[in-house]
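All remarks here apply to the structure that follows.
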Amino acid sequence: MTNTAHPIALYGFLRPRPERADDVRRILLSFVAPTRQEPGNLQYHLHEHEDGRFFLYEVWRSQEDLDRHNATPPLRAFLENLPAYLEGPSDGFFNTMISPYEEGVPLPA
């Protein structure tokens, strides 16, 4: 259960199929700048590990903001085809952030 008085964090690993690694890198990188401009996005980071896995870390002001993000056509298209890109299921987590967020960042009442 999420509490919209606190930011929502998503984080996890994606292990691309070796032949699709460049595609996954390109697609994930294409999400960074537009996502950071979306209303309610507080953080959006992409990391690449030496073993080829990608690590995503995102923080959203509210569940509503995250839902709006998840409905964007480019993300939906990628998620619908995720099995074609990955070696197995993603290892992801979704939690309500319980630590205070940065001062000055407006959160829902």
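Going by the structure tokens order, chains are called A, B, ..., each with residues numbered from 1, while ligands are numbered from 1 in the order shown.
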query: Residues of region 37-88 of chain A in helix (DSSP H, G or I) according to DSSP, as JSON, numbers by chain?
result: {"A": [37, 63, 64, 65, 66, 67, 68, 69, 70, 73, 74, 75, 76, 77, 78, 79, 80, 82, 83, 84, 85]}
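Considering only C-alpha atoms, the residue among A:Pro89, A:Asp51, A:Asp65, A:Leu46 positioned nearest to Leu29 (chain A) is A:Leu46.
Interatomic distance, CA of Ile98 (chain A) against CA of Leu75 (chain A): 26.8 Å.
Distances from A:Glu50, A:Glu19, A:Glu58, A:Glu38 to Phe93 (chain A) were compared using only C-alpha atoms, and the smallest one belongs to A:Glu58.
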Can you tell me, as a ChimeraX atom specification, what residues are no more than 7 Å from Gly40 (chain A) when counting only C-alpha atoms, ignoring any on the same chain fewer than 4 positions away?
-> /A:60-62,65
Please, could you write that set of residues out with C-alpha atoms as a PDB file, in the first residue's frame?
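The resulting result_24.pdb:
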ATOM      1  CA  TRP A  60       7.693  10.326  -7.876  1.00  0.00           C
ATOM      2  CA  ARG A  61       5.796  12.905  -5.845  1.00  0.00           C
ATOM      3  CA  SER A  62       2.661  10.733  -5.781  1.00  0.00           C
ATOM      4  CA  ASP A  65       2.160  11.143 -10.996  1.00  0.00           C
TER       5      ASP A  65
END
